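What's in query-v3.cif: mmCIF, C-alpha atoms
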data_my_file
#
loop_
_atom_site.group_PDB
_atom_site.id
_atom_site.type_symbol
_atom_site.label_atom_id
_atom_site.label_comp_id
_atom_site.auth_asym_id
_atom_site.auth_seq_id
_atom_site.Cartn_x
_atom_site.Cartn_y
_atom_site.Cartn_z
ATOM 1 C CA MET L 1 149.718 -65.946 41.944
ATOM 2 C CA GLU L 2 146.678 -66.375 44.136
ATOM 3 C CA LYS L 3 145.920 -63.612 46.638
ATOM 4 C CA PRO L 4 144.329 -64.794 49.887
ATOM 5 C CA ILE L 5 141.007 -63.394 51.055
ATOM 6 C CA MET L 6 141.433 -61.637 54.378
ATOM 7 C CA VAL L 7 139.100 -60.005 56.862
ATOM 8 C CA ASP L 8 139.567 -56.491 58.189
ATOM 9 C CA THR L 9 137.396 -55.330 61.035
ATOM 10 C CA LEU L 10 137.266 -52.626 63.658
ATOM 11 C CA LEU L 11 136.021 -53.791 67.032
ATOM 12 C CA ARG L 12 134.025 -51.289 69.043
ATOM 13 C CA LEU L 13 132.660 -52.119 72.454
ATOM 14 C CA GLN L 14 129.243 -50.846 73.445
ATOM 15 C CA TYR L 15 127.678 -50.525 76.842
ATOM 16 C CA GLY L 16 124.020 -49.700 77.258
ATOM 17 C CA GLY L 17 123.738 -49.192 73.508
ATOM 18 C CA GLN L 18 126.465 -46.533 73.526
ATOM 19 C CA LYS L 19 129.928 -46.857 72.003
ATOM 20 C CA VAL L 20 132.429 -46.829 74.867
ATOM 21 C CA PHE L 21 135.698 -48.195 73.504
ATOM 22 C CA GLY L 22 137.277 -48.824 70.139
ATOM 23 C CA PRO L 23 140.512 -48.631 68.177
ATOM 24 C CA GLY L 24 140.625 -44.825 68.182
ATOM 25 C CA LEU L 25 140.329 -44.536 71.943
ATOM 26 C CA ALA L 26 142.838 -47.379 72.366
ATOM 27 C CA CYS L 27 145.367 -45.481 70.226
ATOM 28 C CA LEU L 28 144.648 -42.276 72.109
ATOM 29 C CA LEU L 29 145.298 -43.987 75.450
ATOM 30 C CA GLU L 30 148.445 -45.661 74.137
ATOM 31 C CA GLY L 31 149.658 -42.238 73.026
ATOM 32 C CA ILE L 32 149.063 -40.876 76.515
ATOM 33 C CA GLU L 33 151.175 -43.721 77.912
ATOM 34 C CA ILE L 34 153.992 -42.866 75.494
ATOM 35 C CA HIS L 35 153.886 -39.057 75.606
ATOM 36 C CA GLY L 36 152.399 -38.381 79.040
ATOM 37 C CA SER L 37 150.020 -35.919 77.426
ATOM 38 C CA LEU L 38 146.513 -36.010 75.976
ATOM 39 C CA ARG L 39 147.346 -33.020 73.782
ATOM 40 C CA GLN L 40 150.426 -34.702 72.264
ATOM 41 C CA SER L 41 148.608 -37.996 71.814
ATOM 42 C CA ALA L 42 145.756 -36.260 69.991
ATOM 43 C CA ALA L 43 148.171 -34.253 67.822
ATOM 44 C CA LYS L 44 150.045 -37.417 66.768
ATOM 45 C CA MET L 45 146.689 -38.839 65.634
ATOM 46 C CA GLY L 46 145.752 -35.651 63.759
ATOM 47 C CA MET L 47 142.912 -35.028 66.208
ATOM 48 C CA SER L 48 142.034 -31.818 68.003
ATOM 49 C CA TYR L 49 142.533 -31.674 71.750
ATOM 50 C CA ASN L 50 138.845 -30.862 72.243
ATOM 51 C CA LYS L 51 137.724 -33.900 70.246
ATOM 52 C CA ALA L 52 140.136 -36.151 72.175
ATOM 53 C CA TRP L 53 138.929 -34.738 75.488
ATOM 54 C CA ASN L 54 135.289 -35.322 74.480
ATOM 55 C CA ILE L 55 136.022 -38.926 73.499
ATOM 56 C CA ILE L 56 137.698 -39.546 76.864
ATOM 57 C CA LYS L 57 134.888 -37.874 78.823
ATOM 58 C CA ASN L 58 132.139 -39.740 76.950
ATOM 59 C CA SER L 59 133.801 -43.096 77.578
ATOM 60 C CA GLU L 60 134.414 -42.260 81.228
ATOM 61 C CA ALA L 61 130.744 -41.374 81.638
ATOM 62 C CA GLN L 62 129.565 -44.607 80.004
ATOM 63 C CA LEU L 63 132.047 -46.819 81.863
ATOM 64 C CA GLU L 64 131.514 -44.876 85.104
ATOM 65 C CA GLN L 65 135.281 -44.981 85.645
ATOM 66 C CA PRO L 66 138.023 -42.418 85.057
ATOM 67 C CA LEU L 67 140.445 -43.267 82.257
ATOM 68 C CA ILE L 68 143.070 -40.582 82.770
ATOM 69 C CA GLU L 69 144.432 -38.491 85.597
ATOM 70 C CA ARG L 70 145.395 -34.979 84.608
ATOM 71 C CA LYS L 71 148.451 -33.201 85.957
ATOM 72 C CA ILE L 72 147.824 -29.470 86.020
ATOM 73 C CA GLY L 73 150.467 -26.886 85.067
ATOM 74 C CA GLY L 74 153.756 -26.559 86.848
ATOM 75 C CA VAL L 75 157.196 -25.635 85.557
ATOM 76 C CA ARG L 76 157.139 -28.339 82.883
ATOM 77 C CA GLY L 77 153.467 -27.897 82.097
ATOM 78 C CA GLY L 78 150.695 -30.380 82.678
ATOM 79 C CA GLY L 79 150.240 -33.890 81.476
ATOM 80 C CA ALA L 80 148.155 -37.002 81.832
ATOM 81 C CA VAL L 81 148.556 -40.601 82.927
ATOM 82 C CA LEU L 82 146.258 -43.574 82.557
ATOM 83 C CA THR L 83 144.366 -44.761 85.582
ATOM 84 C CA PRO L 84 144.884 -48.387 86.653
ATOM 85 C CA PHE L 85 141.362 -49.078 85.316
ATOM 86 C CA ALA L 86 142.299 -47.663 81.890
ATOM 87 C CA GLN L 87 145.554 -49.641 81.778
ATOM 88 C CA ASP L 88 143.689 -52.869 82.550
ATOM 89 C CA PHE L 89 140.835 -52.115 80.133
ATOM 90 C CA LEU L 90 143.275 -51.231 77.342
ATOM 91 C CA GLN L 91 145.258 -54.432 77.892
ATOM 92 C CA ARG L 92 142.069 -56.516 77.851
ATOM 93 C CA TYR L 93 140.798 -54.747 74.727
ATOM 94 C CA ARG L 94 144.042 -55.372 72.821
ATOM 95 C CA ALA L 95 144.052 -59.053 73.892
ATOM 96 C CA PHE L 96 140.393 -59.384 72.869
ATOM 97 C CA GLU L 97 141.129 -57.693 69.552
ATOM 98 C CA GLN L 98 143.991 -60.113 68.858
ATOM 99 C CA ALA L 99 141.940 -63.193 69.807
ATOM 100 C CA ALA L 100 139.006 -62.015 67.689
ATOM 101 C CA GLN L 101 141.292 -61.461 64.691
ATOM 102 C CA GLN L 102 142.698 -64.974 65.048
ATOM 103 C CA GLN L 103 139.189 -66.440 65.131
ATOM 104 C CA LEU L 104 138.134 -64.385 62.129
ATOM 105 C CA ASP L 105 141.226 -65.470 60.202
ATOM 106 C CA ARG L 106 140.311 -69.113 60.894
ATOM 107 C CA LEU L 107 136.732 -68.532 59.713
ATOM 108 C CA VAL L 108 137.885 -66.820 56.531
ATOM 109 C CA GLN L 109 140.145 -69.773 55.807
ATOM 110 C CA GLN L 110 137.289 -72.203 56.547
ATOM 111 C CA TYR L 111 134.748 -70.486 54.312
ATOM 112 C CA PHE L 112 136.897 -68.970 51.565
ATOM 113 C CA GLU L 113 139.912 -71.288 51.215
ATOM 114 C CA GLY L 114 140.795 -71.933 47.604
ATOM 115 C CA MET L 115 138.875 -69.021 46.142
#
Please re-express this file's structure in structure tokens.
Amino acid sequence: MEKPIMVDTLLRLQYGGQKVFGPGLACLLEGIEIHGSLRQSAAKMGMSYNKAWNIIKNSEAQLEQPLIERKIGGVRGGGAVLTPFAQDFLQRYRAFEQAAQQQLDRLVQQYFEGM
């Protein structure tokens, strides 16, 4: 049975020569949406809180926009939510990622069909 050739790629966006957004940050932000917490999102990814916080801060600095709003302390502890900018950027990134994959799949078929 013939196995098809496929393409696997990770799309990372750069701004001013610096990496600002990619699949890791997208997953981190999606985790914040689900769990309401940067710490929990990082833990689910097997990432330290400090590393996650640094990734967020670096992207915020490059994009010159906040990505999360932190909720400090309280009876139930703190938490985090995505800013409207982050929600929009994440949605656009995922749509771009899907469209790029579709184009790449077409190119692989065009150039490697029948191999």
Name every residue that the PyMOL selection byres ((chain L and resi 23) around 8) selects in this structure, writing the answer as a ChimeraX atom specification with chains first and numbers rising.
/L:10-12,21-22,24-27
If we count all atoms listed in the file, what is near region 94-111 of chain L at a cut-off of 7 Å, once residues fewer than 2 positions away on the same chain are taken out, given as a list in words?
Met6, Val7, Leu11, Leu90, Gln91, Arg92 and Glu113 of chain L
List the neighbours of region 39-54 of chain L out to 10 Å using all atoms listed in the file; skip same-chain residues closer than 2 positions along the sequence, and give me the result as a PyMOL selection string.
chain L and resi 24-25+27-37+56-60+78-80
Just give me the gap between CA of Leu82 (chain L) and CA of Leu13 (chain L) in Å, one decimal is fine.
19.0 Å
Target residues per the PyMOL selection byres ((chain L and resi 16) around 12), formatted as a short mmCIF file (atom, residue, chain, number, x, y, z; two decimals) with C-alpha atoms, in the frame of the given file:
data_model
loop_
_atom_site.label_atom_id
_atom_site.label_comp_id
_atom_site.auth_asym_id
_atom_site.auth_seq_id
_atom_site.Cartn_x
_atom_site.Cartn_y
_atom_site.Cartn_z
CA LEU L 13 132.66 -52.12 72.45
CA GLN L 14 129.24 -50.85 73.44
CA TYR L 15 127.68 -50.52 76.84
CA GLY L 17 123.74 -49.19 73.51
CA GLN L 18 126.46 -46.53 73.53
CA LYS L 19 129.93 -46.86 72.00
CA VAL L 20 132.43 -46.83 74.87
CA SER L 59 133.80 -43.10 77.58
CA ALA L 61 130.74 -41.37 81.64
CA GLN L 62 129.56 -44.61 80.00
CA LEU L 63 132.05 -46.82 81.86
CA GLU L 64 131.51 -44.88 85.10
#
Enter the distance from CA of Gln65 (chain L) to CA of Ala86 (chain L), in Å, rounded to one decimal.
8.4 Å
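Note that the spacing between CA of Pro66 (chain L) and CA of Thr83 (chain L) amounts to 6.8 Å.
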With the PyMOL selection byres ((chain L and resi 115) around 8) as the selection, what would be picked from this file? Answer as a PDB file with C-alpha atoms, keeping the file's coordinate frame, please.
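See selection.pdb below for the written result:
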ATOM      1  CA  PRO L   4     144.329 -64.794  49.887  1.00  0.00           C
ATOM      2  CA  ILE L   5     141.007 -63.394  51.055  1.00  0.00           C
ATOM      3  CA  PHE L 112     136.897 -68.970  51.565  1.00  0.00           C
ATOM      4  CA  GLU L 113     139.912 -71.288  51.215  1.00  0.00           C
ATOM      5  CA  GLY L 114     140.795 -71.933  47.604  1.00  0.00           C
TER       6      GLY L 114
END
For region 37-73 of chain L, supply N, CA and C atoms and format the output as a compact mmCIF listing (two decimals), in the frame of the given file.
# COMPACT_ATOMS: atom_id res chain seq x y z
N SER L 37 150.81 -37.10 77.74
CA SER L 37 150.02 -35.92 77.43
C SER L 37 148.87 -36.27 76.49
N LEU L 38 147.66 -35.84 76.86
CA LEU L 38 146.51 -36.01 75.98
C LEU L 38 146.68 -35.15 74.73
N ARG L 39 147.17 -33.94 74.92
CA ARG L 39 147.35 -33.02 73.78
C ARG L 39 148.31 -33.60 72.75
N GLN L 40 149.44 -34.13 73.20
CA GLN L 40 150.43 -34.70 72.26
C GLN L 40 149.89 -35.96 71.61
N SER L 41 149.19 -36.78 72.37
CA SER L 41 148.61 -38.00 71.81
C SER L 41 147.61 -37.65 70.71
N ALA L 42 146.75 -36.69 70.98
CA ALA L 42 145.76 -36.26 69.99
C ALA L 42 146.45 -35.70 68.74
N ALA L 43 147.46 -34.87 68.95
CA ALA L 43 148.17 -34.25 67.82
C ALA L 43 148.82 -35.32 66.94
N LYS L 44 149.41 -36.34 67.54
CA LYS L 44 150.04 -37.42 66.77
C LYS L 44 149.02 -38.16 65.93
N MET L 45 147.76 -38.17 66.37
CA MET L 45 146.69 -38.84 65.63
C MET L 45 146.00 -37.90 64.65
N GLY L 46 146.40 -36.63 64.63
CA GLY L 46 145.75 -35.65 63.76
C GLY L 46 144.38 -35.26 64.27
N MET L 47 144.20 -35.31 65.57
CA MET L 47 142.91 -35.03 66.21
C MET L 47 143.05 -33.78 67.08
N SER L 48 141.99 -33.00 67.14
CA SER L 48 142.03 -31.82 68.00
C SER L 48 141.99 -32.25 69.47
N TYR L 49 142.55 -31.41 70.31
CA TYR L 49 142.53 -31.67 71.75
C TYR L 49 141.10 -31.77 72.26
N ASN L 50 140.24 -30.86 71.78
CA ASN L 50 138.84 -30.86 72.24
C ASN L 50 138.13 -32.15 71.87
N LYS L 51 138.35 -32.65 70.66
CA LYS L 51 137.72 -33.90 70.25
C LYS L 51 138.24 -35.05 71.11
N ALA L 52 139.55 -35.10 71.34
CA ALA L 52 140.14 -36.15 72.18
C ALA L 52 139.56 -36.10 73.59
N TRP L 53 139.46 -34.90 74.14
CA TRP L 53 138.93 -34.74 75.49
C TRP L 53 137.47 -35.20 75.54
N ASN L 54 136.69 -34.88 74.53
CA ASN L 54 135.29 -35.32 74.48
C ASN L 54 135.17 -36.84 74.39
N ILE L 55 136.03 -37.47 73.61
CA ILE L 55 136.02 -38.93 73.50
C ILE L 55 136.32 -39.55 74.86
N ILE L 56 137.33 -39.04 75.53
CA ILE L 56 137.70 -39.55 76.86
C ILE L 56 136.53 -39.36 77.82
N LYS L 57 135.98 -38.17 77.88
CA LYS L 57 134.89 -37.87 78.82
C LYS L 57 133.65 -38.73 78.55
N ASN L 58 133.30 -38.91 77.29
CA ASN L 58 132.14 -39.74 76.95
C ASN L 58 132.34 -41.18 77.39
N SER L 59 133.53 -41.72 77.15
CA SER L 59 133.80 -43.10 77.58
C SER L 59 133.82 -43.21 79.10
N GLU L 60 134.40 -42.24 79.76
CA GLU L 60 134.41 -42.26 81.23
C GLU L 60 132.99 -42.24 81.79
N ALA L 61 132.14 -41.45 81.18
CA ALA L 61 130.74 -41.37 81.64
C ALA L 61 130.03 -42.71 81.44
N GLN L 62 130.23 -43.33 80.29
CA GLN L 62 129.56 -44.61 80.00
C GLN L 62 130.11 -45.74 80.88
N LEU L 63 131.42 -45.77 81.06
CA LEU L 63 132.05 -46.82 81.86
C LEU L 63 131.96 -46.56 83.37
N GLU L 64 131.60 -45.31 83.71
CA GLU L 64 131.51 -44.88 85.10
C GLU L 64 132.84 -45.09 85.84
N GLN L 65 133.93 -44.86 85.11
CA GLN L 65 135.28 -44.98 85.64
C GLN L 65 136.17 -43.94 84.96
N PRO L 66 137.08 -43.33 85.71
CA PRO L 66 138.02 -42.42 85.06
C PRO L 66 139.05 -43.20 84.25
N LEU L 67 139.44 -42.64 83.11
CA LEU L 67 140.44 -43.27 82.26
C LEU L 67 141.81 -42.59 82.38
N ILE L 68 141.80 -41.30 82.63
CA ILE L 68 143.07 -40.58 82.77
C ILE L 68 143.04 -39.71 84.01
N GLU L 69 144.24 -39.46 84.52
CA GLU L 69 144.43 -38.49 85.60
C GLU L 69 145.24 -37.35 85.00
N ARG L 70 144.72 -36.15 85.16
CA ARG L 70 145.40 -34.98 84.61
C ARG L 70 146.35 -34.39 85.63
N LYS L 71 147.49 -33.94 85.14
CA LYS L 71 148.45 -33.20 85.96
C LYS L 71 148.38 -31.76 85.49
N ILE L 72 148.03 -30.88 86.38
CA ILE L 72 147.82 -29.47 86.02
C ILE L 72 149.13 -28.68 86.13
N GLY L 73 149.41 -27.89 85.08
CA GLY L 73 150.47 -26.89 85.07
C GLY L 73 151.81 -27.30 85.63
